[in-house]
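model.cif (mmCIF, C-alpha atoms) appears below.
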```
data_data
#
loop_
_atom_site.group_PDB
_atom_site.id
_atom_site.type_symbol
_atom_site.label_atom_id
_atom_site.label_comp_id
_atom_site.auth_asym_id
_atom_site.auth_seq_id
_atom_site.Cartn_x
_atom_site.Cartn_y
_atom_site.Cartn_z
ATOM 1 C CA THR A 1 11.159 -7.880 20.775
ATOM 2 C CA HIS A 2 7.883 -6.028 20.472
ATOM 3 C CA THR A 3 4.327 -7.242 20.776
ATOM 4 C CA HIS A 4 1.132 -5.311 20.263
ATOM 5 C CA THR A 5 -2.525 -6.260 20.310
ATOM 6 C CA HIS A 6 -5.331 -4.041 19.031
ATOM 7 C CA THR A 7 -9.065 -4.542 19.209
ATOM 8 C CA HIS A 8 -11.867 -2.373 17.901
ATOM 9 C CA THR A 9 -15.277 -2.449 19.505
ATOM 10 C CA SER A 10 -18.664 -1.145 18.484
ATOM 11 C CA THR A 11 -22.217 -1.257 19.743
ATOM 12 C CA LYS A 12 -23.677 -1.516 16.241
ATOM 13 C CA HIS A 13 -25.982 -4.511 15.906
ATOM 14 C CA ASN A 14 -24.935 -5.770 19.357
ATOM 15 C CA GLN A 15 -21.518 -6.748 18.002
ATOM 16 C CA VAL A 16 -18.972 -5.947 20.656
ATOM 17 C CA LEU A 17 -15.829 -6.923 18.795
ATOM 18 C CA GLN A 18 -15.287 -5.898 15.128
ATOM 19 C CA PHE A 19 -11.685 -6.925 14.568
ATOM 20 C CA VAL A 20 -8.649 -8.231 16.412
ATOM 21 C CA ARG A 21 -5.069 -7.512 15.396
ATOM 22 C CA GLY A 22 -1.836 -8.652 16.969
ATOM 23 C CA SER A 23 1.730 -7.759 16.091
ATOM 24 C CA TYR A 24 5.067 -9.320 16.884
ATOM 25 C CA LYS A 25 8.355 -7.801 15.720
ATOM 26 C CA PHE A 26 11.794 -9.083 16.492
ATOM 27 C CA ASN A 27 15.274 -8.046 15.439
ATOM 28 C CA LEU A 28 17.519 -10.608 13.813
ATOM 29 C CA PRO A 29 21.282 -10.926 14.347
ATOM 30 C CA PHE A 30 22.081 -11.261 10.643
ATOM 31 C CA SER A 31 24.034 -8.844 8.472
ATOM 32 C CA THR A 32 21.455 -9.044 5.664
ATOM 33 C CA VAL A 33 18.053 -9.363 7.385
ATOM 34 C CA GLY A 34 17.555 -6.934 10.255
ATOM 35 C CA SER A 35 14.011 -7.590 11.465
ATOM 36 C CA LEU A 36 10.866 -9.598 10.938
ATOM 37 C CA ALA A 37 7.337 -8.486 11.819
ATOM 38 C CA ILE A 38 4.204 -10.649 11.804
ATOM 39 C CA THR A 39 0.749 -9.049 12.058
ATOM 40 C CA PRO A 40 -2.268 -11.389 12.031
ATOM 41 C CA THR A 41 -5.748 -9.823 11.882
ATOM 42 C CA TYR A 42 -9.271 -11.179 12.055
ATOM 43 C CA ASP A 43 -12.181 -9.045 10.796
ATOM 44 C CA ARG A 44 -15.361 -10.293 12.487
ATOM 45 C CA GLN A 45 -17.698 -8.214 10.298
ATOM 46 C CA ARG A 46 -16.425 -9.812 7.114
ATOM 47 C CA GLU A 47 -15.355 -13.038 8.830
ATOM 48 C CA GLU A 48 -11.974 -12.768 7.121
ATOM 49 C CA PRO A 49 -8.543 -13.583 8.499
ATOM 50 C CA SER A 50 -5.392 -11.932 7.149
ATOM 51 C CA CYS A 51 -1.721 -11.815 7.988
ATOM 52 C CA HIS A 52 1.116 -9.462 7.021
ATOM 53 C CA VAL A 53 4.713 -10.657 7.237
ATOM 54 C CA VAL A 54 7.448 -8.058 6.675
ATOM 55 C CA GLY A 55 11.161 -8.747 6.600
ATOM 56 C CA LYS A 56 13.437 -5.704 6.522
ATOM 57 C CA SER A 57 17.069 -5.563 5.513
ATOM 58 C CA ALA A 58 19.654 -4.565 8.067
ATOM 59 C CA SER A 59 20.238 -1.325 6.124
ATOM 60 C CA GLY A 60 16.509 -0.506 6.244
ATOM 61 C CA ARG A 61 16.458 0.231 2.489
ATOM 62 C CA THR A 62 14.718 -2.998 1.422
ATOM 63 C CA ALA A 63 11.674 -4.838 2.740
ATOM 64 C CA ALA A 64 9.866 -7.964 1.553
ATOM 65 C CA MET A 65 6.133 -7.927 2.329
ATOM 66 C CA LEU A 66 3.831 -10.923 2.227
ATOM 67 C CA ASP A 67 0.191 -9.794 2.448
ATOM 68 C CA LEU A 68 -1.964 -12.862 3.093
ATOM 69 C CA ASN A 69 -5.370 -11.224 2.927
ATOM 70 C CA TRP A 70 -8.442 -13.254 2.050
ATOM 71 C CA TYR A 71 -9.148 -12.231 -1.569
ATOM 72 C CA THR A 72 -5.998 -10.651 -3.007
ATOM 73 C CA PRO A 73 -2.842 -12.016 -1.383
ATOM 74 C CA THR A 74 0.364 -10.424 -2.674
ATOM 75 C CA LEU A 75 4.122 -10.554 -2.350
ATOM 76 C CA SER A 76 6.020 -7.314 -2.857
ATOM 77 C CA VAL A 77 9.528 -5.981 -2.445
ATOM 78 C CA LEU A 78 9.999 -2.348 -1.465
ATOM 79 C CA HIS A 79 13.428 -0.842 -2.152
ATOM 80 C CA ALA A 80 14.634 2.717 -1.555
ATOM 81 C CA LEU A 81 16.934 3.558 -4.453
ATOM 82 C CA ASP A 82 17.913 6.802 -2.714
ATOM 83 C CA GLU A 83 16.317 9.379 -0.397
ATOM 84 C CA ARG A 84 13.657 10.282 -2.987
ATOM 85 C CA ASN A 85 12.998 7.213 -5.158
ATOM 86 C CA THR A 86 11.327 3.995 -4.030
ATOM 87 C CA ILE A 87 10.363 1.052 -6.233
ATOM 88 C CA SER A 88 8.077 -1.796 -5.221
ATOM 89 C CA PRO A 89 7.134 -4.540 -7.657
ATOM 90 C CA GLU A 90 4.141 -6.568 -6.458
ATOM 91 C CA ILE A 91 2.965 -10.012 -7.563
ATOM 92 C CA SER A 92 -0.487 -11.471 -6.992
ATOM 93 C CA LEU A 93 -0.414 -14.901 -5.374
ATOM 94 C CA ASN A 94 -3.790 -15.673 -6.991
ATOM 95 C CA ASN A 95 -2.894 -15.215 -10.649
ATOM 96 C CA ALA A 96 0.819 -14.216 -10.771
ATOM 97 C CA LYS A 97 -0.080 -10.762 -12.161
ATOM 98 C CA ILE A 98 2.756 -8.293 -11.626
ATOM 99 C CA MET A 99 2.306 -4.598 -10.831
ATOM 100 C CA TYR A 100 5.174 -2.113 -10.818
ATOM 101 C CA ASN A 101 5.178 0.839 -8.407
ATOM 102 C CA TRP A 102 7.531 3.806 -8.287
ATOM 103 C CA GLU A 103 7.288 6.687 -5.834
ATOM 104 C CA VAL A 104 9.268 9.923 -6.013
ATOM 105 C CA ALA A 105 9.339 12.236 -3.000
ATOM 106 C CA LEU A 106 9.402 15.906 -3.991
ATOM 107 C CA ASN A 107 10.130 18.946 -1.838
ATOM 108 C CA SER A 108 6.441 19.840 -1.774
ATOM 109 C CA GLY A 109 4.717 16.528 -2.527
ATOM 110 C CA SER A 110 5.120 13.257 -4.370
ATOM 111 C CA ILE A 111 4.606 11.424 -7.642
ATOM 112 C CA LYS A 112 3.288 7.863 -7.427
ATOM 113 C CA THR A 113 3.320 5.689 -10.530
ATOM 114 C CA ARG A 114 1.631 2.286 -10.835
ATOM 115 C CA VAL A 115 2.036 0.197 -13.992
ATOM 116 C CA ASP A 116 -0.118 -2.794 -14.823
ATOM 117 C CA PRO A 117 1.484 -4.116 -18.036
ATOM 118 C CA THR A 118 -1.803 -5.740 -19.063
ATOM 119 C CA SER A 119 -3.993 -2.716 -18.418
ATOM 120 C CA ALA A 120 -2.763 0.831 -17.731
ATOM 121 C CA ILE A 121 -0.238 3.293 -16.359
ATOM 122 C CA GLU A 122 -1.532 5.394 -13.455
ATOM 123 C CA VAL A 123 0.244 8.462 -12.092
ATOM 124 C CA VAL A 124 -0.797 10.550 -9.072
ATOM 125 C CA TRP A 125 1.063 13.825 -8.546
ATOM 126 C CA THR A 126 0.416 15.536 -5.220
ATOM 127 C CA ASP A 127 1.708 19.074 -4.719
ATOM 128 C CA GLN A 128 1.396 20.601 -1.255
ATOM 129 C CA THR A 129 0.676 24.345 -1.339
ATOM 130 C CA GLU A 130 -0.323 26.943 1.200
ATOM 131 C CA GLY A 131 -3.876 26.204 2.369
ATOM 132 C CA GLY A 132 -4.166 22.778 0.757
ATOM 133 C CA LYS A 133 -2.817 20.683 -2.050
ATOM 134 C CA TRP A 134 -3.265 20.011 -5.733
ATOM 135 C CA VAL A 135 -3.707 16.422 -6.883
ATOM 136 C CA THR A 136 -3.355 15.431 -10.531
ATOM 137 C CA ASP A 137 -4.400 11.920 -11.597
ATOM 138 C CA PHE A 138 -3.328 10.587 -14.965
ATOM 139 C CA ARG A 139 -4.368 7.233 -16.422
ATOM 140 C CA LEU A 140 -3.205 5.874 -19.761
ATOM 141 C CA PRO A 141 -4.724 2.559 -20.840
ATOM 142 C CA LEU A 142 -2.289 0.189 -22.518
ATOM 143 C CA THR A 143 -5.012 -1.726 -24.293
ATOM 144 C CA GLY A 144 -7.745 -0.519 -26.555
ATOM 145 C CA GLY A 145 -9.114 -0.469 -30.033
ATOM 146 C CA PRO A 146 -7.298 0.089 -33.308
ATOM 147 C CA GLY A 147 -7.226 3.879 -32.803
ATOM 148 C CA PRO A 148 -4.883 5.989 -30.673
ATOM 149 C CA LEU A 149 -4.743 5.447 -26.913
ATOM 150 C CA ALA A 150 -6.872 7.884 -24.924
ATOM 151 C CA GLY A 151 -5.629 9.061 -21.537
ATOM 152 C CA ASP A 152 -7.668 10.389 -18.625
ATOM 153 C CA ILE A 153 -6.393 13.418 -16.673
ATOM 154 C CA ARG A 154 -8.072 14.805 -13.558
ATOM 155 C CA VAL A 155 -6.964 17.771 -11.491
ATOM 156 C CA ARG A 156 -8.444 18.511 -8.082
ATOM 157 C CA ARG A 157 -7.785 20.854 -5.204
ATOM 158 C CA GLN A 158 -7.910 19.741 -1.577
ATOM 159 C CA PHE A 159 -8.390 22.574 0.879
ATOM 160 C CA ALA A 160 -7.257 22.657 4.493
ATOM 161 C CA PHE A 161 -9.641 24.550 6.782
#
```

As structure tokens - that is how I would like this structure written.
Amino acid sequence: THTHTHTHTSTKHNQVLQFVRGSYKFNLPFSTVGSLAITPTYDRQREEPSCHVVGKSASGRTAAMLDLNWYTPTLSVLHALDERNTISPEISLNNAKIMYNWEVALNSGSIKTRVDPTSAIEVVWTDQTEGGKWVTDFRLPLTGGPGPLAGDIRVRRQFAF
């Protein structure tokens, strides 16, 4: 059993308390579900409540996440296929829109892919190098006019000083 409470304070505009977050995690004695964590939050600046509920499998390879935030609540399942590959489909509780996520861990970085079947495929490749990292963003729209699809590729360098 684990509990945690976090508060953030500020003197901006005489507002002492900006947000409050609590957390409660407990282990379960089941062979399939290993733990459950509940994290309610209240953002006083936006006046928005939210709550995250995460259930993890006993093996630790699969987790179901219910994100009850104010504007875009979602339900997602995160599953580690192996040491390098993780998939996590996500469904919007507002409009039932499904997003597909796939992350590959590389020796010197990662590749994150996000597919919105109604909009686009987005890929972010991060490659850690000496003194910083290279980040390549690729976006291919799945909708468009009668002509060929046009992708967007951006390459940037992040330096470590």

Please evaluate the PyMOL selection byres ((chain A and resi 50-59) around 8) against the structure above and give the resulting residues as a list in words.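 When the PyMOL selection byres ((chain A and resi 50-59) around 8) is applied, the selected residues are Phe30, Ser31, Thr32, Val33, Gly34, Ser35, Leu36, Ala37, Ile38, Thr39, Pro40, Thr41, Tyr42, Glu48, Pro49, Gly60, Arg61, Thr62, Ala63, Ala64, Met65, Leu66, Asp67, Leu68, Asn69 and Trp70 of chain A.
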
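Distances to Thr72 of chain A were evaluated for A:Thr136, A:Asn94, A:Asn101, A:Thr118 using only C-alpha atoms, and the minimum falls at A:Asn94.
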
Neighbours of segment 150-158 of chain A within 6 Å (only C-alpha atoms; same-chain residues fewer than 2 positions away dropped), as a PyMOL selection string? chain A and resi 132-140

Selected residues, C-alpha atoms, written as a PDB file, in the coordinates of the input, please.
```
ATOM      1  CA  GLY A 132      -4.166  22.778   0.757  1.00  0.00           C
ATOM      2  CA  LYS A 133      -2.817  20.683  -2.050  1.00  0.00           C
ATOM      3  CA  TRP A 134      -3.265  20.011  -5.733  1.00  0.00           C
ATOM      4  CA  VAL A 135      -3.707  16.422  -6.883  1.00  0.00           C
ATOM      5  CA  THR A 136      -3.355  15.431 -10.531  1.00  0.00           C
ATOM      6  CA  ASP A 137      -4.400  11.920 -11.597  1.00  0.00           C
ATOM      7  CA  PHE A 138      -3.328  10.587 -14.965  1.00  0.00           C
ATOM      8  CA  ARG A 139      -4.368   7.233 -16.422  1.00  0.00           C
ATOM      9  CA  LEU A 140      -3.205   5.874 -19.761  1.00  0.00           C
TER      10      LEU A 140
END
```

Dig up all the protein and nucleic acid residues within 10 Å of (6.9, -2.4, -8.0) in the file frame, using only C-alpha atoms, and format them as an MDAnalysis selection string. chainID A and resid 76:79 86:91 98:103 113:116

Okay, now the selection with C-alpha atoms, as a compact mmCIF listing (two decimals), keeping the file's coordinate frame?
```txt
# COMPACT_ATOMS: atom_id res chain seq x y z
CA SER A 76 6.02 -7.31 -2.86
CA VAL A 77 9.53 -5.98 -2.44
CA LEU A 78 10.00 -2.35 -1.46
CA HIS A 79 13.43 -0.84 -2.15
CA THR A 86 11.33 4.00 -4.03
CA ILE A 87 10.36 1.05 -6.23
CA SER A 88 8.08 -1.80 -5.22
CA PRO A 89 7.13 -4.54 -7.66
CA GLU A 90 4.14 -6.57 -6.46
CA ILE A 91 2.96 -10.01 -7.56
CA ILE A 98 2.76 -8.29 -11.63
CA MET A 99 2.31 -4.60 -10.83
CA TYR A 100 5.17 -2.11 -10.82
CA ASN A 101 5.18 0.84 -8.41
CA TRP A 102 7.53 3.81 -8.29
CA GLU A 103 7.29 6.69 -5.83
CA THR A 113 3.32 5.69 -10.53
CA ARG A 114 1.63 2.29 -10.84
CA VAL A 115 2.04 0.20 -13.99
CA ASP A 116 -0.12 -2.79 -14.82
```

Kindly give the distance, in Å, that separates atom CA of Arg44 of chain A and atom CA of Gly22 of chain A, rounded to a single decimal.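 Atom-to-atom, atom CA of Arg44 of chain A and atom CA of Gly22 of chain A are spaced 14.3 Å apart.
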
Could you please determine the separation between atom CA of Asn107 of chain A and atom CA of Ala160 of chain A in Å, to one decimal place?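 That distance, rounded to one decimal, is 18.9 Å.
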
d(atom CA of Ala120 of chain A, atom CA of Gly144 of chain A) in Å: 10.2 Å

Given only C-alpha atoms as the basis, pick out the residue of A:Asn85, A:Gln45, A:Thr143, A:Ser119 nearest to Leu106 of chain A.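 Answer, going by the shortest atom-to-atom distance: A:Asn85.
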
For segment 19-34 of chain A, supply N, CA and C atoms and report the output as an mmCIF file, keeping the file's coordinate frame.
```
data_model
loop_
_atom_site.group_PDB
_atom_site.id
_atom_site.type_symbol
_atom_site.label_atom_id
_atom_site.label_comp_id
_atom_site.auth_asym_id
_atom_site.auth_seq_id
_atom_site.Cartn_x
_atom_site.Cartn_y
_atom_site.Cartn_z
ATOM 1 N N PHE A 19 -12.879 -6.261 15.070
ATOM 2 C CA PHE A 19 -11.685 -6.925 14.568
ATOM 3 C C PHE A 19 -10.636 -7.032 15.659
ATOM 4 N N VAL A 20 -9.742 -7.995 15.480
ATOM 5 C CA VAL A 20 -8.649 -8.231 16.412
ATOM 6 C C VAL A 20 -7.357 -8.260 15.601
ATOM 7 N N ARG A 21 -6.354 -7.551 16.080
ATOM 8 C CA ARG A 21 -5.069 -7.512 15.396
ATOM 9 C C ARG A 21 -3.960 -7.659 16.427
ATOM 10 N N GLY A 22 -3.011 -8.494 16.122
ATOM 11 C CA GLY A 22 -1.836 -8.652 16.969
ATOM 12 C C GLY A 22 -0.599 -8.332 16.153
ATOM 13 N N SER A 23 0.500 -8.063 16.805
ATOM 14 C CA SER A 23 1.730 -7.759 16.091
ATOM 15 C C SER A 23 2.915 -8.243 16.905
ATOM 16 N N TYR A 24 3.846 -8.869 16.225
ATOM 17 C CA TYR A 24 5.067 -9.320 16.884
ATOM 18 C C TYR A 24 6.243 -8.977 15.978
ATOM 19 N N LYS A 25 7.174 -8.193 16.484
ATOM 20 C CA LYS A 25 8.355 -7.801 15.720
ATOM 21 C C LYS A 25 9.593 -8.177 16.510
ATOM 22 N N PHE A 26 10.543 -8.767 15.816
ATOM 23 C CA PHE A 26 11.794 -9.083 16.492
ATOM 24 C C PHE A 26 12.961 -8.792 15.563
ATOM 25 N N ASN A 27 14.047 -8.344 16.169
ATOM 26 C CA ASN A 27 15.274 -8.046 15.439
ATOM 27 C C ASN A 27 16.064 -9.332 15.261
ATOM 28 N N LEU A 28 16.741 -9.427 14.127
ATOM 29 C CA LEU A 28 17.519 -10.608 13.813
ATOM 30 C C LEU A 28 19.007 -10.271 13.817
ATOM 31 N N PRO A 29 19.848 -11.206 14.237
ATOM 32 C CA PRO A 29 21.282 -10.926 14.347
ATOM 33 C C PRO A 29 22.056 -11.172 13.058
ATOM 34 N N PHE A 30 21.412 -10.995 11.911
ATOM 35 C CA PHE A 30 22.081 -11.261 10.643
ATOM 36 C C PHE A 30 22.529 -9.955 9.988
ATOM 37 N N SER A 31 23.546 -10.049 9.148
ATOM 38 C CA SER A 31 24.034 -8.844 8.472
ATOM 39 C C SER A 31 23.138 -8.444 7.303
ATOM 40 N N THR A 32 22.312 -9.359 6.807
ATOM 41 C CA THR A 32 21.455 -9.044 5.664
ATOM 42 C C THR A 32 20.007 -8.763 6.061
ATOM 43 N N VAL A 33 19.441 -9.553 6.949
ATOM 44 C CA VAL A 33 18.053 -9.363 7.385
ATOM 45 C C VAL A 33 18.070 -8.804 8.796
ATOM 46 N N GLY A 34 17.488 -7.605 8.968
ATOM 47 C CA GLY A 34 17.555 -6.934 10.255
ATOM 48 C C GLY A 34 16.394 -7.210 11.175
#
```
